[in-house]
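entry.cif, holding mmCIF, C-alpha atoms and all ligand atoms:
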data_protein
#
loop_
_atom_site.label_atom_id
_atom_site.label_comp_id
_atom_site.auth_asym_id
_atom_site.auth_seq_id
_atom_site.Cartn_x
_atom_site.Cartn_y
_atom_site.Cartn_z
CA MET Q 1 -15.07 -25.28 15.02
CA LYS Q 2 -18.72 -25.61 16.02
CA PHE Q 3 -20.94 -22.86 17.37
CA ARG Q 4 -24.65 -22.17 17.63
CA THR Q 5 -26.19 -19.81 15.11
CA LEU Q 6 -29.60 -18.16 14.92
CA ASP Q 7 -30.80 -21.36 13.19
CA ASP Q 8 -30.52 -23.05 16.59
CA LEU Q 9 -32.75 -20.55 18.43
CA GLY Q 10 -35.85 -21.83 20.14
CA ASP Q 11 -38.88 -19.59 20.63
CA VAL Q 12 -37.55 -16.19 21.62
CA THR Q 13 -40.84 -14.30 21.74
CA GLY Q 14 -40.62 -11.73 24.52
CA LYS Q 15 -37.13 -12.94 25.50
CA VAL Q 16 -34.25 -10.51 25.89
CA ALA Q 17 -31.38 -10.94 23.43
CA LEU Q 18 -28.12 -9.19 24.38
CA VAL Q 19 -26.49 -8.64 21.00
CA ARG Q 20 -22.83 -7.53 20.74
CA VAL Q 21 -22.43 -5.53 17.55
CA ASP Q 22 -19.82 -3.16 16.10
CA LEU Q 23 -21.00 0.45 16.28
CA ASN Q 24 -17.50 1.92 16.26
CA LEU Q 25 -18.45 3.96 13.22
CA PRO Q 26 -16.43 6.59 11.39
CA MET Q 27 -17.78 9.97 12.56
CA HIS Q 28 -17.19 13.57 11.54
CA ASP Q 29 -18.54 16.52 13.53
CA GLY Q 30 -20.89 14.26 15.47
CA ALA Q 31 -22.37 12.60 12.37
CA VAL Q 32 -21.82 9.05 11.13
CA THR Q 33 -19.96 9.15 7.79
CA GLU Q 34 -19.96 5.43 6.96
CA ASP Q 35 -22.50 2.84 8.12
CA SER Q 36 -21.28 -0.46 6.66
CA ARG Q 37 -20.81 -1.97 10.13
CA VAL Q 38 -24.48 -1.28 10.92
CA ARG Q 39 -25.51 -2.80 7.61
CA ALA Q 40 -23.40 -5.86 8.41
CA SER Q 41 -25.34 -6.53 11.62
CA ALA Q 42 -28.77 -5.47 10.37
CA PRO Q 43 -29.79 -9.03 9.31
CA THR Q 44 -29.06 -10.36 12.81
CA ILE Q 45 -30.88 -7.53 14.59
CA LEU Q 46 -33.92 -7.73 12.31
CA GLU Q 47 -34.09 -11.52 12.43
CA LEU Q 48 -34.13 -11.49 16.24
CA ALA Q 49 -36.66 -8.64 16.35
CA ASP Q 50 -38.90 -10.36 13.79
CA LYS Q 51 -38.80 -13.52 15.89
CA GLY Q 52 -40.24 -11.42 18.74
CA ALA Q 53 -37.13 -10.94 20.88
CA LYS Q 54 -36.42 -7.69 22.72
CA VAL Q 55 -33.08 -6.74 21.26
CA LEU Q 56 -30.53 -4.88 23.41
CA LEU Q 57 -27.48 -3.83 21.42
CA LEU Q 58 -24.11 -3.74 23.18
CA ALA Q 59 -21.15 -1.98 21.57
CA HIS Q 60 -18.13 0.17 22.26
CA PHE Q 61 -17.11 3.44 20.68
CA GLY Q 62 -13.52 4.68 20.61
CA ARG Q 63 -11.18 4.41 23.58
CA PRO Q 64 -12.80 6.26 26.50
CA LYS Q 65 -10.59 4.38 29.00
CA GLY Q 66 -13.28 3.37 31.46
CA ALA Q 67 -14.93 6.75 32.02
CA ARG Q 68 -18.04 8.46 30.67
CA ASN Q 69 -17.65 11.38 28.29
CA SER Q 70 -20.24 13.12 26.13
CA GLU Q 71 -18.14 12.95 22.93
CA GLN Q 72 -18.16 9.17 22.85
CA SER Q 73 -21.73 8.41 23.85
CA LEU Q 74 -23.43 5.87 21.62
CA SER Q 75 -26.48 8.14 21.63
CA MET Q 76 -24.78 9.71 18.58
CA VAL Q 77 -25.28 6.63 16.41
CA VAL Q 78 -28.97 6.01 17.15
CA GLY Q 79 -30.14 7.96 14.08
CA ALA Q 80 -27.78 6.09 11.76
CA VAL Q 81 -28.90 2.72 13.16
CA GLU Q 82 -32.58 3.67 12.78
CA ALA Q 83 -31.92 4.71 9.19
CA VAL Q 84 -30.32 1.36 8.32
CA LEU Q 85 -32.87 -0.78 10.18
CA GLY Q 86 -35.91 1.26 9.20
CA ARG Q 87 -37.17 0.81 12.78
CA GLU Q 88 -37.38 2.96 15.85
CA VAL Q 89 -34.49 2.39 18.26
CA MET Q 90 -34.42 3.43 21.93
CA PHE Q 91 -31.26 4.66 23.64
CA VAL Q 92 -30.34 3.66 27.20
CA PRO Q 93 -27.54 5.62 28.93
CA GLU Q 94 -26.52 2.57 31.02
CA ILE Q 95 -25.48 -1.06 30.35
CA ALA Q 96 -26.95 -2.67 33.48
CA GLY Q 97 -29.17 -1.88 36.44
CA ASP Q 98 -32.60 -0.32 36.99
CA VAL Q 99 -32.67 1.82 33.86
CA VAL Q 100 -31.97 -1.23 31.68
CA ALA Q 101 -34.63 -3.24 33.54
CA GLN Q 102 -37.16 -0.42 33.03
CA THR Q 103 -36.35 -0.27 29.32
CA ILE Q 104 -36.96 -3.99 28.99
CA GLY Q 105 -40.32 -3.43 30.69
CA ILE Q 106 -41.25 -0.76 28.14
CA LEU Q 107 -40.00 -2.58 25.01
CA GLY Q 108 -42.53 -4.78 23.31
CA PRO Q 109 -41.54 -8.02 21.50
CA GLY Q 110 -39.42 -6.96 18.51
CA GLY Q 111 -38.34 -3.73 20.24
CA ILE Q 112 -34.75 -2.59 19.81
CA ALA Q 113 -32.55 -0.50 22.12
CA ILE Q 114 -28.90 0.58 22.07
CA LEU Q 115 -27.16 0.55 25.44
CA GLU Q 116 -24.40 3.06 26.24
CA ASN Q 117 -20.76 2.70 25.17
CA THR Q 118 -19.57 -0.40 27.04
CA ARG Q 119 -16.05 1.03 27.41
CA PHE Q 120 -17.36 3.77 29.72
CA TRP Q 121 -17.18 1.02 32.37
CA PRO Q 122 -13.63 -0.08 33.33
CA GLY Q 123 -14.85 -3.67 33.78
CA GLU Q 124 -15.49 -4.02 30.04
CA GLU Q 125 -11.86 -4.09 28.92
CA LYS Q 126 -10.81 -5.92 32.11
CA ASN Q 127 -13.40 -8.60 31.35
CA ASP Q 128 -14.58 -8.14 34.94
CA PRO Q 129 -16.85 -11.08 35.89
CA ALA Q 130 -18.94 -8.79 38.12
CA LEU Q 131 -19.75 -6.48 35.20
CA ALA Q 132 -20.48 -9.40 32.88
CA LYS Q 133 -22.81 -10.86 35.51
CA ALA Q 134 -24.63 -7.55 35.99
CA ILE Q 135 -25.23 -7.28 32.23
CA ALA Q 136 -26.12 -10.97 31.80
CA ALA Q 137 -28.77 -10.61 34.52
CA HIS Q 138 -30.92 -8.71 32.00
CA GLY Q 139 -30.68 -11.23 29.17
CA ASP Q 140 -32.04 -14.61 28.16
CA ILE Q 141 -29.58 -15.19 25.31
CA TYR Q 142 -26.31 -13.66 24.08
CA VAL Q 143 -25.57 -13.17 20.40
CA ASN Q 144 -22.13 -12.06 19.20
CA ASP Q 145 -22.23 -10.42 15.79
CA ALA Q 146 -19.02 -8.39 16.15
CA PHE Q 147 -16.25 -10.38 14.51
CA SER Q 148 -14.26 -7.14 14.41
CA ALA Q 149 -14.12 -7.07 18.23
CA ALA Q 150 -13.59 -10.83 18.69
CA HIS Q 151 -9.83 -10.50 19.16
CA ARG Q 152 -10.49 -8.80 22.50
CA ALA Q 153 -11.45 -10.78 25.61
CA HIS Q 154 -13.74 -8.13 27.06
CA ALA Q 155 -16.87 -8.50 29.21
CA THR Q 156 -19.28 -8.03 26.28
CA THR Q 157 -17.17 -9.84 23.65
CA GLU Q 158 -16.14 -12.86 25.72
CA GLY Q 159 -17.37 -12.84 29.33
CA LEU Q 160 -21.09 -12.83 28.48
CA ALA Q 161 -20.74 -15.89 26.26
CA HIS Q 162 -20.03 -18.00 29.35
CA LEU Q 163 -23.05 -16.73 31.29
CA LEU Q 164 -25.91 -17.11 28.81
CA PRO Q 165 -26.78 -19.46 25.93
CA ALA Q 166 -24.46 -17.97 23.27
CA TYR Q 167 -24.95 -17.71 19.51
CA ALA Q 168 -22.97 -16.39 16.56
CA GLY Q 169 -24.88 -13.72 14.66
CA ARG Q 170 -25.25 -13.79 10.88
CA SER Q 171 -22.35 -11.41 10.25
CA MET Q 172 -20.02 -13.34 12.57
CA GLN Q 173 -21.07 -16.57 10.89
CA ALA Q 174 -20.50 -15.15 7.39
CA GLU Q 175 -17.09 -13.68 8.28
CA LEU Q 176 -15.83 -16.96 9.70
CA ALA Q 177 -17.10 -18.97 6.74
CA ALA Q 178 -15.66 -16.60 4.15
CA LEU Q 179 -12.27 -16.26 5.81
CA ALA Q 180 -12.01 -20.03 6.22
CA ALA Q 181 -12.87 -20.57 2.56
CA ALA Q 182 -10.27 -18.05 1.36
CA LEU Q 183 -7.51 -18.61 3.84
CA ASP Q 184 -7.62 -22.00 5.54
CA ASN Q 185 -5.57 -23.51 2.72
CA PRO Q 186 -4.52 -20.45 0.75
CA ALA Q 187 -3.16 -20.90 -2.76
CA LYS Q 188 0.56 -20.07 -2.70
CA PRO Q 189 2.50 -17.84 -3.00
CA VAL Q 190 0.72 -15.74 -0.38
CA ALA Q 191 1.36 -12.02 0.10
CA ALA Q 192 0.32 -10.05 3.19
CA LEU Q 193 0.15 -6.30 2.84
CA VAL Q 194 0.20 -4.48 6.16
CA GLY Q 195 0.06 -0.71 6.43
CA GLY Q 196 -1.88 2.00 8.19
CA ALA Q 197 -1.33 3.88 11.40
CA LYS Q 198 -1.89 1.45 14.28
CA VAL Q 199 1.75 0.40 14.24
CA SER Q 200 2.29 -1.08 17.70
CA SER Q 201 -0.81 -3.29 17.73
CA LYS Q 202 -0.16 -4.57 14.20
CA LEU Q 203 3.56 -5.24 14.77
CA ASP Q 204 2.59 -7.82 17.33
CA VAL Q 205 0.96 -9.90 14.65
CA LEU Q 206 3.78 -9.78 12.11
CA GLN Q 207 6.09 -11.98 14.14
CA ASN Q 208 3.92 -15.03 13.45
CA LEU Q 209 2.56 -13.86 10.14
CA VAL Q 210 5.98 -14.17 8.49
CA ASN Q 211 5.71 -17.93 9.03
CA LYS Q 212 2.46 -18.08 7.06
CA VAL Q 213 3.20 -15.91 4.04
CA ASP Q 214 5.78 -15.75 1.26
CA HIS Q 215 5.80 -11.98 0.91
CA LEU Q 216 5.28 -9.34 3.57
CA ILE Q 217 4.59 -5.95 2.01
CA ILE Q 218 4.91 -3.06 4.44
CA GLY Q 219 3.47 0.40 3.88
CA GLY Q 220 1.98 3.35 5.78
CA GLY Q 221 3.25 4.36 9.20
CA MET Q 222 4.38 0.76 9.58
CA ALA Q 223 6.93 1.21 6.74
CA ASN Q 224 8.28 4.37 8.36
CA THR Q 225 8.83 2.46 11.59
CA PHE Q 226 10.69 -0.34 9.78
CA LEU Q 227 12.77 2.14 7.76
CA ALA Q 228 13.75 3.99 10.94
CA ALA Q 229 14.69 0.68 12.55
CA ARG Q 230 17.04 0.09 9.60
CA GLY Q 231 18.75 3.40 10.30
CA VAL Q 232 16.93 5.46 7.67
CA ALA Q 233 16.21 9.06 8.73
CA VAL Q 234 12.43 9.51 8.41
CA GLY Q 235 12.19 13.17 9.50
CA LYS Q 236 8.82 14.05 11.04
CA SER Q 237 7.01 10.99 9.68
CA LEU Q 238 4.45 9.03 11.66
CA CYS Q 239 6.83 6.48 13.20
CA GLU Q 240 7.25 4.56 16.44
CA HIS Q 241 10.99 4.80 17.06
CA ASP Q 242 10.91 2.75 20.25
CA LEU Q 243 9.78 -0.33 18.30
CA ALA Q 244 13.06 -0.66 16.37
CA ALA Q 245 14.11 -3.83 18.19
CA THR Q 246 10.76 -5.49 17.44
CA CYS Q 247 11.12 -4.59 13.76
CA GLU Q 248 14.58 -6.19 13.70
CA GLU Q 249 13.18 -9.35 15.32
CA ILE Q 250 10.48 -9.53 12.67
CA MET Q 251 13.05 -9.13 9.87
CA THR Q 252 15.14 -11.93 11.39
CA ALA Q 253 12.10 -14.19 11.77
CA ALA Q 254 11.10 -13.48 8.16
CA ASP Q 255 14.59 -14.34 6.96
CA LYS Q 256 14.46 -17.66 8.80
CA ALA Q 257 10.99 -18.46 7.44
CA GLY Q 258 11.92 -17.63 3.84
CA CYS Q 259 9.46 -14.73 3.76
CA THR Q 260 10.54 -11.75 1.65
CA VAL Q 261 9.91 -8.40 3.36
CA HIS Q 262 9.20 -5.52 0.98
CA LEU Q 263 9.99 -2.02 2.18
CA PRO Q 264 9.66 0.96 -0.21
CA TYR Q 265 12.72 2.33 -2.08
CA ASP Q 266 11.04 5.63 -2.76
CA VAL Q 267 8.48 7.67 -0.86
CA VAL Q 268 6.25 10.72 -1.27
CA VAL Q 269 7.10 13.43 1.24
CA ALA Q 270 5.92 16.91 2.25
CA LYS Q 271 6.73 19.48 4.90
CA GLU Q 272 3.07 20.02 5.80
CA PHE Q 273 0.20 17.57 5.96
CA ALA Q 274 -2.31 19.12 3.55
CA ALA Q 275 -3.84 18.37 0.16
CA ASN Q 276 -1.34 18.94 -2.68
CA PRO Q 277 1.10 20.93 -0.53
CA PRO Q 278 3.75 23.10 -2.27
CA SER Q 279 6.56 21.12 -0.60
CA LEU Q 280 5.35 17.82 -2.15
CA ARG Q 281 8.06 15.67 -3.74
CA THR Q 282 9.07 12.07 -4.39
CA ALA Q 283 12.34 11.04 -2.80
CA ASN Q 284 14.58 8.07 -2.35
CA VAL Q 285 14.07 6.78 1.22
CA HIS Q 286 17.64 7.85 2.03
CA GLU Q 287 16.96 11.47 1.05
CA VAL Q 288 14.16 12.47 3.43
CA ALA Q 289 14.92 15.82 5.10
CA ALA Q 290 14.58 16.38 8.83
CA ASP Q 291 11.55 18.66 8.35
CA GLU Q 292 9.72 16.33 5.93
CA MET Q 293 7.07 13.64 6.49
CA ILE Q 294 6.69 10.42 4.51
CA LEU Q 295 2.99 10.36 3.59
CA ASP Q 296 2.91 7.65 0.93
CA ILE Q 297 5.17 5.08 -0.68
CA GLY Q 298 6.62 6.10 -4.04
CA PRO Q 299 5.81 5.15 -7.65
CA ALA Q 300 8.88 2.90 -8.09
CA ALA Q 301 7.87 0.93 -5.00
CA VAL Q 302 4.30 0.62 -6.28
CA GLU Q 303 5.47 -0.68 -9.63
CA SER Q 304 7.67 -3.36 -8.09
CA LEU Q 305 4.92 -4.38 -5.67
CA GLY Q 306 2.57 -4.79 -8.63
CA ASP Q 307 5.10 -7.24 -10.08
CA VAL Q 308 5.18 -9.11 -6.77
CA LEU Q 309 1.39 -9.44 -6.78
CA LYS Q 310 1.50 -10.85 -10.31
CA THR Q 311 3.55 -13.79 -8.97
CA CYS Q 312 1.15 -14.39 -6.05
CA ARG Q 313 -2.07 -16.40 -5.80
CA THR Q 314 -3.41 -15.00 -2.52
CA LEU Q 315 -3.31 -11.49 -1.05
CA VAL Q 316 -4.42 -10.45 2.41
CA TRP Q 317 -4.47 -6.70 2.95
CA ASN Q 318 -4.86 -4.64 6.12
CA GLY Q 319 -3.82 -1.01 6.28
CA PRO Q 320 -3.50 1.71 3.60
CA LEU Q 321 -0.07 2.35 2.04
CA GLY Q 322 -0.30 6.09 2.68
CA ALA Q 323 -2.42 8.87 4.15
CA PHE Q 324 -5.03 8.13 1.48
CA GLU Q 325 -7.69 10.54 2.76
CA THR Q 326 -5.57 13.48 1.56
CA PRO Q 327 -4.58 13.70 -2.11
CA PRO Q 328 -2.17 12.88 -3.61
CA PHE Q 329 -1.16 10.55 -0.74
CA ASP Q 330 -3.79 8.08 -1.96
CA ALA Q 331 -1.83 7.34 -5.14
CA ALA Q 332 0.02 4.18 -4.03
CA THR Q 333 -2.99 2.66 -2.27
CA VAL Q 334 -5.26 3.33 -5.24
CA ALA Q 335 -2.75 2.02 -7.80
CA LEU Q 336 -1.96 -1.20 -5.95
CA ALA Q 337 -5.63 -1.77 -5.12
CA ARG Q 338 -6.44 -1.52 -8.83
CA THR Q 339 -3.66 -3.99 -9.70
CA ALA Q 340 -4.96 -6.43 -7.09
CA ALA Q 341 -8.52 -5.96 -8.37
CA ALA Q 342 -7.47 -6.60 -11.99
CA LEU Q 343 -5.58 -9.77 -11.01
CA THR Q 344 -8.63 -10.92 -9.04
CA ARG Q 345 -10.94 -10.32 -12.00
CA GLU Q 346 -8.55 -12.31 -14.22
CA GLY Q 347 -8.78 -15.17 -11.72
CA SER Q 348 -5.08 -15.30 -10.85
CA LEU Q 349 -5.40 -13.84 -7.35
CA VAL Q 350 -7.64 -14.42 -4.34
CA SER Q 351 -7.78 -11.05 -2.60
CA VAL Q 352 -9.04 -10.59 0.94
CA ALA Q 353 -9.01 -7.22 2.70
CA GLY Q 354 -10.05 -6.02 6.13
CA GLY Q 355 -9.87 -2.92 8.33
CA GLY Q 356 -12.11 0.13 8.65
CA ASP Q 357 -9.77 2.47 6.79
CA THR Q 358 -8.61 -0.18 4.34
CA VAL Q 359 -12.16 -0.83 3.24
CA ALA Q 360 -12.77 2.93 2.93
CA ALA Q 361 -9.61 3.17 0.78
CA LEU Q 362 -10.77 0.33 -1.51
CA HIS Q 363 -14.12 2.07 -1.96
CA HIS Q 364 -12.23 5.29 -2.72
CA ALA Q 365 -10.22 3.39 -5.37
CA GLY Q 366 -13.50 2.07 -6.79
CA VAL Q 367 -12.48 -1.58 -6.51
CA ALA Q 368 -14.06 -2.84 -3.29
CA GLY Q 369 -16.49 -4.94 -5.32
CA ASP Q 370 -13.67 -6.65 -7.22
CA PHE Q 371 -11.94 -8.09 -4.17
CA SER Q 372 -12.71 -11.75 -3.40
CA TYR Q 373 -13.78 -10.90 0.14
CA ILE Q 374 -13.91 -7.82 2.33
CA SER Q 375 -14.03 -8.21 6.09
CA THR Q 376 -15.56 -5.64 8.45
CA ALA Q 377 -12.69 -6.30 10.84
CA GLY Q 378 -9.14 -4.93 11.05
CA GLY Q 379 -7.30 -6.16 14.13
CA ALA Q 380 -9.38 -9.32 14.43
CA PHE Q 381 -8.81 -10.03 10.74
CA LEU Q 382 -5.03 -9.76 11.18
CA GLU Q 383 -5.02 -12.04 14.21
CA TRP Q 384 -7.21 -14.56 12.44
CA MET Q 385 -4.76 -14.49 9.52
CA GLU Q 386 -1.90 -15.04 11.91
CA GLY Q 387 -3.61 -18.22 13.09
CA ARG Q 388 -4.36 -16.95 16.57
CA GLU Q 389 -7.46 -18.11 18.38
CA LEU Q 390 -9.86 -15.19 18.81
CA PRO Q 391 -11.27 -15.18 22.37
CA GLY Q 392 -14.67 -13.88 21.26
CA VAL Q 393 -15.00 -16.72 18.74
CA LYS Q 394 -13.58 -19.37 21.05
CA ALA Q 395 -16.13 -18.46 23.74
CA LEU Q 396 -18.94 -19.30 21.29
CA GLU Q 397 -17.57 -22.75 20.62
CA VAL Q 398 -19.70 -25.74 21.64
CA GLY Q 399 -18.97 -29.45 22.03
P1 LIG V 401 -7.24 0.00 9.24
O1 LIG V 401 -8.37 0.80 9.82
O2 LIG V 401 -7.49 -0.38 7.81
O3 LIG V 401 -6.83 -1.17 10.09
P2 LIG V 401 -5.31 1.85 10.37
O4 LIG V 401 -6.37 2.39 11.25
O5 LIG V 401 -4.18 1.13 11.01
O6 LIG V 401 -5.95 0.98 9.18
O7 LIG V 401 -4.61 3.05 9.56
C1 LIG V 401 -5.29 3.88 8.67
C2 LIG V 401 -4.72 5.28 8.71
O8 LIG V 401 -3.34 5.26 8.44
C3 LIG V 401 -5.33 6.17 7.66
O9 LIG V 401 -6.09 7.18 8.31
C4 LIG V 401 -4.13 6.77 6.93
O10 LIG V 401 -4.26 8.17 6.69
C5 LIG V 401 -3.01 6.53 7.89
N1 LIG V 401 -1.68 6.48 7.25
C6 LIG V 401 -1.22 5.59 6.35
N2 LIG V 401 0.03 5.88 5.98
C7 LIG V 401 0.38 6.99 6.66
C8 LIG V 401 1.58 7.79 6.71
N3 LIG V 401 2.63 7.49 5.98
N4 LIG V 401 1.57 8.87 7.53
C9 LIG V 401 0.48 9.17 8.27
N5 LIG V 401 -0.66 8.45 8.28
C10 LIG V 401 -0.71 7.39 7.48
MG MG V 402 -8.44 2.32 11.30
#

Represent the structure contained in this file as structure tokens.
Ligand code: ADP
Ligand code: MG
Amino acid sequence: MKFRTLDDLGDVTGKVALVRVDLNLPMHDGAVTEDSRVRASAPTILELADKGAKVLLLAHFGRPKGARNSEQSLSMVVGAVEAVLGREVMFVPEIAGDVVAQTIGILGPGGIAILENTRFWPGEEKNDPALAKAIAAHGDIYVNDAFSAAHRAHATTEGLAHLLPAYAGRSMQAELAALAAALDNPAKPVAALVGGAKVSSKLDVLQNLVNKVDHLIIGGGMANTFLAARGVAVGKSLCEHDLAATCEEIMTAADKAGCTVHLPYDVVVAKEFAANPPSLRTANVHEVAADEMILDIGPAAVESLGDVLKTCRTLVWNGPLGAFETPPFDAATVALARTAAALTREGSLVSVAGGGDTVAALHHAGVAGDFSYISTAGGAFLEWMEGRELPGVKALEVG
């Protein structure tokens, strides 16, 4: 796959670079709590600015469904971006039109501005050519540095690439190179660990993934959904009951492909979702009461999964095994992360992880630095693993 990078830029002094980045940052009470996605794109932004371009950052935040709202304005991240870049950054409450044109007039070479949340406009997620054209009208070049959004064919992740000379940013370039090195010809056996809360979007990927891996380890809300599909009563757990048929199809496909699916035998449950609740207990999956929630996989499951990892040479991980932000429901995620880290340090395992919450969980476990590679992306990472062509990457392809 060939694409242009910033090495292929001509003179961009005074030119306008429309740069798609990932500013979908974890926030709490209106403040950014984690800025690794900004740090990932900082080299691209600074390189363009230092070459004299006027840099307009395009990004989405959350799922505003095509309408403006004050809670999801990207104005909230300006301070965090300034702090990472060490430069002043303007904010523009539009993504096209007169206000954007005026901003470009004001910005000197090397100036940086963040445009408003692209998903406030319905045309973004519809990849509406009219919206892409209106945005492209302001730019001289398009740079995509958001690998984490490349699995979506949206106006600013895909459409723009066809309207302007398009380049992969440094973070996009590094992600693609690292994932190819680790996973193009992965050492076998390969285990995929999929957990977390975004069950429906991740299930989609598993159907093909079972053809690529030897072990599929399922945790988090995803495990609850599979257990329920097998007829296990999961009480009040996070679970998507209407996806039972899809889960069965995945199990059948795995069987055919010779992929072993690992569901937990035991789980950690509670009646209320709080830190160290009085109702906390470990239970066999068949003994969950109607008023209980499964919030983590159990210690027996963790131990057997550790043994599985010891037989594997490659691990790809997306999604925490439990509600790790709330103790003690971090126990399984932390324990298995430490096993994977130890095996990686010993040289017997190549470990690749991706996903906003997954990366946070690995930092929480203190082992993020031990993994072979950590991707900024979650959904895009899973689809890449599955072997799917990512529209945002494909649109950058040349020749
Ligand atoms: P990622 O961002 O790594 O792709 P997701 O966004 O899909 O992962 O899921 C992460 C979330 O899943 C975390 O906030 C975690 O608390 C939640 N989670 C995991 N297991 C459970 C569970 N059993 N019940 C409720 N929430 C869970
Ligand atoms: Mg997440």

Open item on the list: What's around segment 139-154 of chain Q at 7 Å? Count all atoms listed in the file, leave out sequence neighbours fewer than 2 positions away in its own chain, and write the answer as number ranges by chain.
Closed with: Q: 15-22, 41, 124-127, 136-137, 156-161, 164-172, 376-378, 380, 390-393

Atoms kept (C-alpha atoms) for selection, written as a PDB file, in the coordinates of the input:
ATOM      1  CA  LYS Q  15     -37.130 -12.940  25.500  1.00  0.00           C
ATOM      2  CA  VAL Q  16     -34.250 -10.510  25.890  1.00  0.00           C
ATOM      3  CA  ALA Q  17     -31.380 -10.940  23.430  1.00  0.00           C
ATOM      4  CA  LEU Q  18     -28.120  -9.190  24.380  1.00  0.00           C
ATOM      5  CA  VAL Q  19     -26.490  -8.640  21.000  1.00  0.00           C
ATOM      6  CA  ARG Q  20     -22.830  -7.530  20.740  1.00  0.00           C
ATOM      7  CA  VAL Q  21     -22.430  -5.530  17.550  1.00  0.00           C
ATOM      8  CA  ASP Q  22     -19.820  -3.160  16.100  1.00  0.00           C
ATOM      9  CA  SER Q  41     -25.340  -6.530  11.620  1.00  0.00           C
ATOM     10  CA  GLU Q 124     -15.490  -4.020  30.040  1.00  0.00           C
ATOM     11  CA  GLU Q 125     -11.860  -4.090  28.920  1.00  0.00           C
ATOM     12  CA  LYS Q 126     -10.810  -5.920  32.110  1.00  0.00           C
ATOM     13  CA  ASN Q 127     -13.400  -8.600  31.350  1.00  0.00           C
ATOM     14  CA  ALA Q 136     -26.120 -10.970  31.800  1.00  0.00           C
ATOM     15  CA  ALA Q 137     -28.770 -10.610  34.520  1.00  0.00           C
ATOM     16  CA  THR Q 156     -19.280  -8.030  26.280  1.00  0.00           C
ATOM     17  CA  THR Q 157     -17.170  -9.840  23.650  1.00  0.00           C
ATOM     18  CA  GLU Q 158     -16.140 -12.860  25.720  1.00  0.00           C
ATOM     19  CA  GLY Q 159     -17.370 -12.840  29.330  1.00  0.00           C
ATOM     20  CA  LEU Q 160     -21.090 -12.830  28.480  1.00  0.00           C
ATOM     21  CA  ALA Q 161     -20.740 -15.890  26.260  1.00  0.00           C
ATOM     22  CA  LEU Q 164     -25.910 -17.110  28.810  1.00  0.00           C
ATOM     23  CA  PRO Q 165     -26.780 -19.460  25.930  1.00  0.00           C
ATOM     24  CA  ALA Q 166     -24.460 -17.970  23.270  1.00  0.00           C
ATOM     25  CA  TYR Q 167     -24.950 -17.710  19.510  1.00  0.00           C
ATOM     26  CA  ALA Q 168     -22.970 -16.390  16.560  1.00  0.00           C
ATOM     27  CA  GLY Q 169     -24.880 -13.720  14.660  1.00  0.00           C
ATOM     28  CA  ARG Q 170     -25.250 -13.790  10.880  1.00  0.00           C
ATOM     29  CA  SER Q 171     -22.350 -11.410  10.250  1.00  0.00           C
ATOM     30  CA  MET Q 172     -20.020 -13.340  12.570  1.00  0.00           C
ATOM     31  CA  THR Q 376     -15.560  -5.640   8.450  1.00  0.00           C
ATOM     32  CA  ALA Q 377     -12.690  -6.300  10.840  1.00  0.00           C
ATOM     33  CA  GLY Q 378      -9.140  -4.930  11.050  1.00  0.00           C
ATOM     34  CA  ALA Q 380      -9.380  -9.320  14.430  1.00  0.00           C
ATOM     35  CA  LEU Q 390      -9.860 -15.190  18.810  1.00  0.00           C
ATOM     36  CA  PRO Q 391     -11.270 -15.180  22.370  1.00  0.00           C
ATOM     37  CA  GLY Q 392     -14.670 -13.880  21.260  1.00  0.00           C
ATOM     38  CA  VAL Q 393     -15.000 -16.720  18.740  1.00  0.00           C
TER      39      VAL Q 393
END

- [ ] May I have the residues at most 6 Å from (-39.5, -8.3, 20.7) in the file's coordinates, counting all atoms listed in the file, as a list of chain:residue names?
- [x]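 Returned residue set, sorted by chain then number, is Q:Gly14, Q:Ala49, Q:Gly52, Q:Ala53, Q:Lys54, Q:Gly108, Q:Pro109, Q:Gly110, Q:Gly111.
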
Open item on the list: Applying 8 Å and all atoms listed in the file, which residues near segment 334-347 of chain Q remain after dropping the ones on its own chain fewer than 2 positions away? List them as a PyMOL selection string.
Closed with: chain Q and resi 302+305-306+309-310+330-332+349-351+361-362+364-365+367+370-372

TODO: Name each residue within 8 Å of ligand LIG 401 (chain V), counting all atoms listed in the file, as a ChimeraX atom specification.
DONE: /Q:195-199,202,219-224,237-238,293-297,318-326,354-360,377-379

Open item on the list: Can you measure atom CA of Asn69 of chain Q to atom CA of Ala132 of chain Q for me? One decimal in Å is fine.
Closed with: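 Distance reported for this atom pair: 21.5 Å.
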
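Between atom CA of Ala80 of chain Q and atom CA of His28 of chain Q lies a distance of 13.0 Å.
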
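At a cut-off of 8 Å from (-20.2, -20.6, 16.8), the residue set is Met1, Lys2, Phe3, Arg4, Thr5, Tyr167, Ala168, Gln173, Val393, Lys394, Leu396, Glu397 and Val398 of chain Q (counting only C-alpha atoms).
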
Task: For ligand MG 402 (chain V), the nearest of the candidates Q:Val100, Q:Val352, Q:Val55, Q:Ser201, counting only C-alpha atoms and all ligand atoms - done: Q:Ser201

- [ ] Using atom CA of His138 of chain Q and atom CA of Ser75 of chain Q as the two end points, give the distance in Å to one decimal.
- [x]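 Between atom CA of His138 of chain Q and atom CA of Ser75 of chain Q the gap works out to 20.3 Å.
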
TODO: Within 8 Å of segment 274-286 of chain Q, counting only C-alpha atoms, which residues show up once you throw out same-chain ones fewer than 5 positions away? Write them as a PyMOL selection string, please.
DONE: chain Q and resi 232-234+264-269+298+326-328

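Distance check against ligand MG 402 (chain V) using all atoms listed in the file: of Q:Asn24, Q:Thr252, Q:Gln72, Q:Thr225, the minimum falls on Q:Asn24.
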